[in-house]
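What follows is the content of input-v5.cif, which has mmCIF, C-alpha atoms and all ligand atoms:
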data_coords
loop_
_atom_site.label_atom_id
_atom_site.label_comp_id
_atom_site.auth_asym_id
_atom_site.auth_seq_id
_atom_site.Cartn_x
_atom_site.Cartn_y
_atom_site.Cartn_z
CA MET A 969 -53.11 107.71 -104.72
CA THR A 970 -56.07 105.53 -104.05
CA ASP A 971 -59.46 107.05 -104.88
CA LEU A 972 -61.26 106.73 -101.60
CA THR A 973 -64.49 108.29 -102.77
CA THR A 974 -65.24 104.88 -104.17
CA GLY A 975 -62.75 103.36 -101.77
CA GLY A 976 -60.28 102.02 -104.27
CA ALA A 977 -58.46 102.59 -107.52
CA SER A 978 -60.57 101.84 -110.59
CA ALA A 979 -62.19 98.67 -109.24
CA ILE A 980 -65.86 98.20 -109.99
CA SER A 981 -66.67 96.16 -106.92
CA PRO A 982 -65.23 95.92 -103.43
CA ALA A 983 -62.85 93.07 -102.64
CA LEU A 984 -65.02 92.47 -99.58
CA GLU A 985 -68.51 93.71 -98.88
CA LEU A 986 -70.75 92.88 -95.94
CA ARG A 987 -74.40 93.90 -96.02
CA GLY A 988 -76.56 93.74 -92.92
CA ILE A 989 -74.53 91.06 -91.18
CA SER A 990 -75.99 89.96 -87.84
CA LYS A 991 -74.75 87.29 -85.48
CA SER A 992 -75.72 86.29 -81.97
CA PHE A 993 -74.21 83.84 -79.54
CA GLY A 994 -77.05 82.78 -77.29
CA SER A 995 -78.45 85.98 -75.86
CA VAL A 996 -75.45 88.10 -76.91
CA GLN A 997 -75.97 90.05 -80.12
CA ALA A 998 -72.33 90.06 -81.26
CA LEU A 999 -73.06 91.86 -84.56
CA GLU A 1000 -76.14 93.74 -85.64
CA HIS A 1001 -76.78 94.77 -89.28
CA VAL A 1002 -73.12 95.45 -90.00
CA ASP A 1003 -72.30 96.97 -93.40
CA PHE A 1004 -68.67 97.13 -94.48
CA SER A 1005 -66.65 97.37 -97.65
CA ALA A 1006 -62.96 97.14 -98.48
CA TRP A 1007 -61.71 98.01 -101.95
CA PRO A 1008 -58.74 96.81 -103.97
CA GLY A 1009 -55.79 99.12 -103.30
CA GLU A 1010 -57.03 100.05 -99.84
CA ILE A 1011 -55.88 99.45 -96.28
CA HIS A 1012 -59.03 99.43 -94.15
CA ALA A 1013 -58.69 99.25 -90.37
CA ILE A 1014 -61.42 97.91 -88.09
CA VAL A 1015 -61.20 99.26 -84.56
CA GLY A 1016 -63.30 98.95 -81.43
CA ASP A 1017 -63.15 98.10 -77.77
CA ASN A 1018 -62.86 94.57 -76.39
CA GLY A 1019 -65.98 92.64 -77.30
CA ALA A 1020 -67.04 95.10 -80.02
CA GLY A 1021 -67.41 92.26 -82.53
CA LYS A 1022 -64.24 92.65 -84.62
CA SER A 1023 -63.10 89.03 -84.45
CA THR A 1024 -66.64 87.76 -84.98
CA MET A 1025 -66.84 89.83 -88.14
CA LEU A 1026 -63.57 88.40 -89.41
CA LYS A 1027 -64.56 84.85 -88.53
CA ILE A 1028 -67.82 85.25 -90.42
CA VAL A 1029 -65.90 86.30 -93.52
CA THR A 1030 -63.59 83.32 -93.21
CA GLY A 1031 -66.41 80.86 -92.54
CA ILE A 1032 -65.46 79.95 -88.96
CA HIS A 1033 -68.76 81.44 -87.78
CA GLN A 1034 -71.95 81.55 -89.81
CA ALA A 1035 -73.91 84.81 -89.84
CA ASP A 1036 -77.57 84.66 -88.82
CA ALA A 1037 -78.51 87.21 -91.47
CA GLY A 1038 -76.96 89.40 -94.12
CA GLU A 1039 -74.91 89.02 -97.26
CA ILE A 1040 -71.20 88.66 -97.99
CA TYR A 1041 -69.63 89.51 -101.34
CA LEU A 1042 -66.05 88.76 -102.32
CA ASN A 1043 -64.86 90.57 -105.45
CA GLY A 1044 -68.48 91.22 -106.39
CA ARG A 1045 -69.51 87.57 -106.07
CA THR A 1046 -71.97 86.53 -103.43
CA VAL A 1047 -70.66 84.06 -100.87
CA ASP A 1048 -72.71 81.35 -99.26
CA LEU A 1049 -72.96 82.23 -95.56
CA ARG A 1050 -72.32 78.59 -94.77
CA HIS A 1051 -68.99 78.52 -96.59
CA ASN A 1052 -66.31 77.18 -94.35
CA ALA A 1053 -62.71 78.00 -93.57
CA THR A 1054 -61.34 75.35 -95.91
CA THR A 1055 -62.75 77.21 -98.89
CA VAL A 1056 -61.75 80.72 -97.92
CA GLN A 1057 -58.40 80.53 -99.73
CA ASP A 1058 -60.19 79.35 -102.85
CA LEU A 1059 -62.37 82.46 -102.54
CA GLY A 1060 -59.23 84.63 -102.77
CA VAL A 1061 -58.73 85.40 -99.09
CA ALA A 1062 -55.56 85.11 -97.00
CA VAL A 1063 -55.98 85.53 -93.27
CA VAL A 1064 -53.69 85.93 -90.27
CA TYR A 1065 -55.53 85.15 -87.05
CA GLN A 1066 -54.61 86.57 -83.68
CA ASP A 1067 -53.54 83.11 -82.52
CA LEU A 1068 -51.45 82.84 -85.70
CA ALA A 1069 -52.11 79.18 -86.50
CA LEU A 1070 -48.47 78.28 -87.12
CA VAL A 1071 -47.26 74.72 -86.56
CA GLU A 1072 -44.71 74.95 -83.76
CA CYS A 1073 -42.87 71.73 -84.51
CA LEU A 1074 -42.31 72.67 -88.16
CA ASP A 1075 -39.55 75.02 -89.21
CA ILE A 1076 -39.93 78.47 -90.77
CA ALA A 1077 -39.67 77.19 -94.35
CA GLN A 1078 -42.24 74.47 -93.75
CA ASN A 1079 -44.65 76.92 -92.12
CA LEU A 1080 -44.31 79.34 -95.02
CA SER A 1081 -45.13 76.51 -97.42
CA LEU A 1082 -48.07 75.06 -95.47
CA GLY A 1083 -50.80 74.10 -97.87
CA SER A 1084 -48.50 74.22 -100.85
CA LEU A 1085 -45.74 71.79 -99.86
CA PRO A 1086 -44.38 69.86 -102.83
CA ARG A 1087 -45.45 66.31 -101.83
CA ARG A 1088 -45.91 62.84 -103.15
CA TRP A 1089 -47.60 60.11 -101.10
CA GLY A 1090 -47.56 62.49 -98.15
CA ILE A 1091 -43.78 62.91 -98.30
CA VAL A 1092 -42.35 66.38 -98.79
CA LEU A 1093 -40.32 66.14 -102.00
CA ASP A 1094 -38.01 69.05 -102.30
CA ARG A 1095 -36.83 70.52 -99.02
CA GLN A 1096 -34.05 72.51 -100.66
CA ARG A 1097 -36.48 74.24 -102.99
CA MET A 1098 -38.78 74.93 -100.06
CA ALA A 1099 -35.91 76.48 -98.09
CA ARG A 1100 -34.84 78.58 -101.09
CA ASP A 1101 -38.42 79.78 -101.64
CA ALA A 1102 -38.79 80.65 -97.97
CA ALA A 1103 -35.51 82.57 -97.88
CA LYS A 1104 -36.59 84.52 -100.98
CA VAL A 1105 -40.03 85.36 -99.54
CA LEU A 1106 -38.44 86.64 -96.34
CA SER A 1107 -35.73 88.54 -98.16
CA ASP A 1108 -38.31 90.17 -100.51
CA LEU A 1109 -40.21 91.30 -97.43
CA LYS A 1110 -36.92 92.42 -95.82
CA VAL A 1111 -37.70 90.21 -92.84
CA ARG A 1112 -34.74 88.89 -90.88
CA VAL A 1113 -35.46 85.86 -88.72
CA GLY A 1114 -32.23 83.88 -89.22
CA ASP A 1115 -32.11 80.30 -90.49
CA VAL A 1116 -35.27 79.13 -92.28
CA HIS A 1117 -34.72 75.69 -90.72
CA THR A 1118 -35.37 77.09 -87.21
CA PRO A 1119 -38.48 75.47 -85.67
CA VAL A 1120 -41.21 78.08 -85.24
CA GLY A 1121 -41.61 76.98 -81.61
CA LEU A 1122 -38.19 78.55 -80.88
CA LEU A 1123 -39.11 81.98 -82.27
CA SER A 1124 -40.22 85.00 -80.28
CA GLY A 1125 -43.86 86.14 -80.45
CA GLY A 1126 -42.88 88.98 -82.77
CA GLN A 1127 -40.93 86.71 -85.11
CA ARG A 1128 -43.87 84.30 -85.31
CA GLN A 1129 -46.18 87.15 -86.12
CA ILE A 1130 -43.94 88.21 -89.00
CA ILE A 1131 -43.78 84.61 -90.31
CA ALA A 1132 -47.58 84.35 -90.21
CA ILE A 1133 -47.87 87.61 -92.14
CA ALA A 1134 -45.22 86.48 -94.63
CA ARG A 1135 -47.21 83.30 -95.22
CA ALA A 1136 -50.35 85.31 -95.96
CA VAL A 1137 -48.41 87.56 -98.36
CA ARG A 1138 -46.96 84.51 -100.10
CA MET A 1139 -50.48 83.22 -100.83
CA ASP A 1140 -50.88 86.19 -103.20
CA LYS A 1141 -54.63 86.61 -102.67
CA PRO A 1142 -56.62 89.76 -103.56
CA LEU A 1143 -57.90 90.16 -99.98
CA ILE A 1144 -55.70 89.93 -96.89
CA LEU A 1145 -57.29 89.92 -93.43
CA LEU A 1146 -55.04 90.65 -90.46
CA ASP A 1147 -56.24 90.29 -86.87
CA GLU A 1148 -54.08 92.44 -84.58
CA PRO A 1149 -50.95 92.11 -86.75
CA THR A 1150 -48.78 94.23 -84.46
CA ALA A 1151 -49.93 92.80 -81.13
CA ALA A 1152 -46.61 91.11 -80.35
CA LEU A 1153 -44.35 93.50 -82.20
CA GLY A 1154 -41.88 96.20 -81.24
CA VAL A 1155 -41.74 99.60 -82.90
CA GLN A 1156 -39.44 98.59 -85.76
CA GLU A 1157 -41.27 95.37 -86.52
CA SER A 1158 -44.62 97.20 -86.49
CA ALA A 1159 -43.26 99.70 -88.97
CA ARG A 1160 -42.11 96.79 -91.15
CA VAL A 1161 -45.61 95.30 -91.08
CA GLY A 1162 -47.00 98.71 -92.02
CA THR A 1163 -44.61 98.85 -94.96
CA ILE A 1164 -45.60 95.34 -96.08
CA MET A 1165 -49.27 96.38 -95.92
CA GLY A 1166 -48.41 99.42 -98.05
CA GLU A 1167 -46.72 97.17 -100.61
CA LEU A 1168 -49.82 94.95 -100.74
CA ARG A 1169 -51.97 98.04 -101.32
CA ALA A 1170 -49.63 99.19 -104.09
CA ALA A 1171 -50.05 95.75 -105.68
CA GLY A 1172 -53.82 96.37 -105.77
CA LYS A 1173 -54.74 94.12 -102.87
CA ALA A 1174 -57.35 94.98 -100.26
CA VAL A 1175 -55.92 94.81 -96.75
CA VAL A 1176 -58.35 94.64 -93.82
CA CYS A 1177 -56.66 95.04 -90.49
CA ILE A 1178 -58.19 94.69 -87.03
CA SER A 1179 -56.15 96.69 -84.56
CA HIS A 1180 -56.22 98.23 -81.12
CA ASP A 1181 -53.13 100.24 -81.99
CA LEU A 1182 -54.47 103.62 -83.09
CA GLU A 1183 -50.99 104.98 -83.78
CA PHE A 1184 -50.42 102.14 -86.24
CA VAL A 1185 -53.90 102.60 -87.72
CA PHE A 1186 -53.43 106.33 -88.27
CA ALA A 1187 -49.99 105.74 -89.78
CA HIS A 1188 -51.09 103.13 -92.31
CA ALA A 1189 -54.85 102.85 -92.91
CA ASP A 1190 -56.74 104.68 -95.65
CA ARG A 1191 -60.10 104.23 -93.93
CA ILE A 1192 -61.17 103.29 -90.44
CA THR A 1193 -64.39 101.54 -89.47
CA VAL A 1194 -65.41 101.62 -85.82
CA LEU A 1195 -67.42 98.81 -84.26
CA ARG A 1196 -69.11 99.47 -80.96
CA LEU A 1197 -71.03 96.77 -79.10
CA GLY A 1198 -71.74 94.91 -82.32
CA VAL A 1199 -72.77 97.92 -84.39
CA SER A 1200 -70.76 99.68 -87.08
CA VAL A 1201 -70.92 103.24 -85.73
CA GLY A 1202 -68.94 104.89 -88.50
CA THR A 1203 -66.39 104.73 -91.28
CA ARG A 1204 -63.96 107.59 -91.77
CA LYS A 1205 -61.19 108.38 -94.21
CA THR A 1206 -58.08 108.56 -92.07
CA ALA A 1207 -57.07 111.82 -93.72
CA ASP A 1208 -60.39 113.43 -92.73
CA THR A 1209 -60.65 112.32 -89.10
CA THR A 1210 -58.82 112.73 -85.82
CA ARG A 1211 -57.78 110.40 -83.08
CA ASP A 1212 -60.26 112.15 -80.77
CA GLU A 1213 -63.13 111.46 -83.15
CA ILE A 1214 -62.20 107.79 -83.48
CA VAL A 1215 -61.80 107.40 -79.70
CA GLY A 1216 -65.21 109.05 -79.30
CA LEU A 1217 -66.75 106.56 -81.71
CA ILE A 1218 -65.05 103.64 -79.93
CA THR A 1219 -66.23 104.69 -76.49
CA GLY A 1220 -69.62 106.10 -77.44
CA ALA A 1221 -68.62 109.54 -76.19
CA PHE A 1222 -70.03 111.41 -79.14
CA PRO A 1223 -73.42 113.00 -79.84
CA GLY A 1224 -76.01 110.61 -81.21
CA ASP A 1225 -74.22 107.36 -80.32
CA PRO A 1226 -76.56 104.72 -81.71
CA ARG A 1227 -75.48 102.03 -79.29
CA PRO A 1228 -75.36 103.08 -75.63
CA THR A 1229 -75.56 99.46 -74.42
CA ARG A 1230 -75.34 96.08 -76.11
CA VAL A 1231 -78.67 94.65 -77.09
CA THR A 1232 -79.35 91.17 -75.81
CA LYS A 1233 -82.07 89.01 -77.26
CA ASP A 1234 -83.87 88.97 -73.92
CA ALA A 1235 -83.95 92.77 -73.87
CA ALA A 1236 -84.79 93.17 -77.56
N1 LIG A 1301 -67.83 81.74 -79.59
C1 LIG A 1301 -68.49 82.63 -78.83
N2 LIG A 1301 -69.43 82.23 -77.95
C2 LIG A 1301 -70.12 83.10 -77.21
N3 LIG A 1301 -69.93 84.44 -77.25
C3 LIG A 1301 -69.00 84.90 -78.11
C4 LIG A 1301 -68.22 84.02 -78.93
N4 LIG A 1301 -67.38 84.78 -79.67
C5 LIG A 1301 -67.61 86.05 -79.33
N5 LIG A 1301 -68.57 86.13 -78.39
C6 LIG A 1301 -69.12 87.36 -77.80
O1 LIG A 1301 -69.45 88.23 -78.87
C7 LIG A 1301 -69.07 89.57 -78.56
C8 LIG A 1301 -68.07 90.06 -79.60
O2 LIG A 1301 -66.83 89.37 -79.41
P1 LIG A 1301 -65.58 89.51 -80.38
O3 LIG A 1301 -64.56 88.52 -79.93
O4 LIG A 1301 -66.02 89.45 -81.78
O5 LIG A 1301 -65.11 91.00 -80.05
P2 LIG A 1301 -63.72 91.71 -80.43
O6 LIG A 1301 -64.10 93.08 -80.85
O7 LIG A 1301 -62.94 90.89 -81.38
O8 LIG A 1301 -63.01 91.77 -79.02
P3 LIG A 1301 -61.43 91.68 -78.63
O9 LIG A 1301 -60.84 92.98 -79.06
O10 LIG A 1301 -61.48 91.54 -77.14
O11 LIG A 1301 -60.85 90.48 -79.32
C9 LIG A 1301 -68.52 89.53 -77.14
O12 LIG A 1301 -69.57 89.85 -76.25
C10 LIG A 1301 -68.08 88.10 -76.96
O13 LIG A 1301 -68.13 87.72 -75.62
#
Spit out the file's structure as structure tokens when you get a sec.
Amino acid sequence: MTDLTTGGASAISPALELRGISKSFGSVQALEHVDFSAWPGEIHAIVGDNGAGKSTMLKIVTGIHQADAGEIYLNGRTVDLRHNATTVQDLGVAVVYQDLALVECLDIAQNLSLGSLPRRWGIVLDRQRMARDAAKVLSDLKVRVGDVHTPVGLLSGGQRQIIAIARAVRMDKPLILLDEPTAALGVQESARVGTIMGELRAAGKAVVCISHDLEFVFAHADRITVLRLGVSVGTRKTADTTRDEIVGLITGAFPGDPRPTRVTKDAA
């Protein structure tokens, strides 16, 4: 069982640590002094209402947005706040965005191999190997989506979601970031994603999962961090909290809520 007093197994530093991250868009303070850590061997959920700052936080980690202030550490190493999304894989991070970023006109096998296609002079060399690899990845994950030559554009939303997650798993990075991984999924598929996350945790990876789905979060996360109007209002071990407490933190309906309204620069 993961040691959650330190957050994770016997690791000496978190897979991801944010210290005092702030970000504004014009007058909107999207994040304000956010601290966060996710440890190897941990599933850490980030929850919060619409506009709480969850996606902004993720995009700062992946370099899509630059923080105005604060520090980011990946596996104990400081990360330049200006790093950009093309380097995030090199930093040991696999990410599945809410909009999935699959290439619709490519088939399942090609999408699973994106970024690592065996090529020469821009020409994909070994399609059979790619198809075999893809079939193995999906079979290892017990994902059934039919023929790996099916164009992704023909798949359902749920099937695409699973392919995007499978691609992140295939990258074999120490930190996996998932933005609403069950948004398009039915009950069985959600459970499958939960199982895959559990397997990643067992392999010593840190899994950070943004989700609105509290049932899913309570079923699979080790810890839960709540963002409210750009502020991290609390982190709880799942085993030690209740749905009511988390909903209270999300909505601000708890004593001592530090963020009754969002701060704007004009008001600050
Ligand atoms: N590119 C942007 N330009 C201007 N404002 C932005 C931008 N991105 C986010 N915001 C604002 O920052 C705040 C936080 O948004 P963010 O998308 O991070 O929240 P979220 O918790 O991910 O919400 P949701 O659950 O709806 O996706 C919101 O007020 C949002 O309108």
**Prompt:** Of the candidates A:Ser990, A:Thr1055, A:Thr1046, A:Ser1158, which one gets nearest to ligand LIG 1301 (chain A) if we count only C-alpha atoms and all ligand atoms?
**Reply:**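 Nearest candidate to ligand LIG 1301 (chain A) out of A:Ser990, A:Thr1055, A:Thr1046, A:Ser1158: A:Ser990.
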**Request:** Mind giving me the straight-line distance from atom C4 of ligand LIG 1301 (chain A) to atom CA of Val1015 of chain A in Å, one decimal?
**Result:**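 So the two atoms, atom C4 of ligand LIG 1301 (chain A) and atom CA of Val1015 of chain A, lie 17.7 Å apart.
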**Item:** Contacts of ligand LIG 1301 (chain A), 6 Å or closer, only C-alpha atoms and all ligand atoms, given as a PyMOL selection string
**Value:** chain A and resi 993+998+1016-1024
**Item:** Close residues, Gly1114 of chain A itself excluded, 12 Å, all atoms listed in the file, min 6 positions apart in chain, as a list in words
**Value:**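 Counting all atoms listed in the file, the residues come to Asp1075, Ile1076, Ala1077, Ala1102, Ala1103, Leu1106, Ser1107, Val1120, Leu1122, Leu1123, Gln1127 and Ile1131 of chain A.
Counting all atoms listed in the file, the residue from A:Tyr1065, A:Ala1136, A:Ser992, A:Leu984 that sits nearest to Phe1004 of chain A is A:Leu984.
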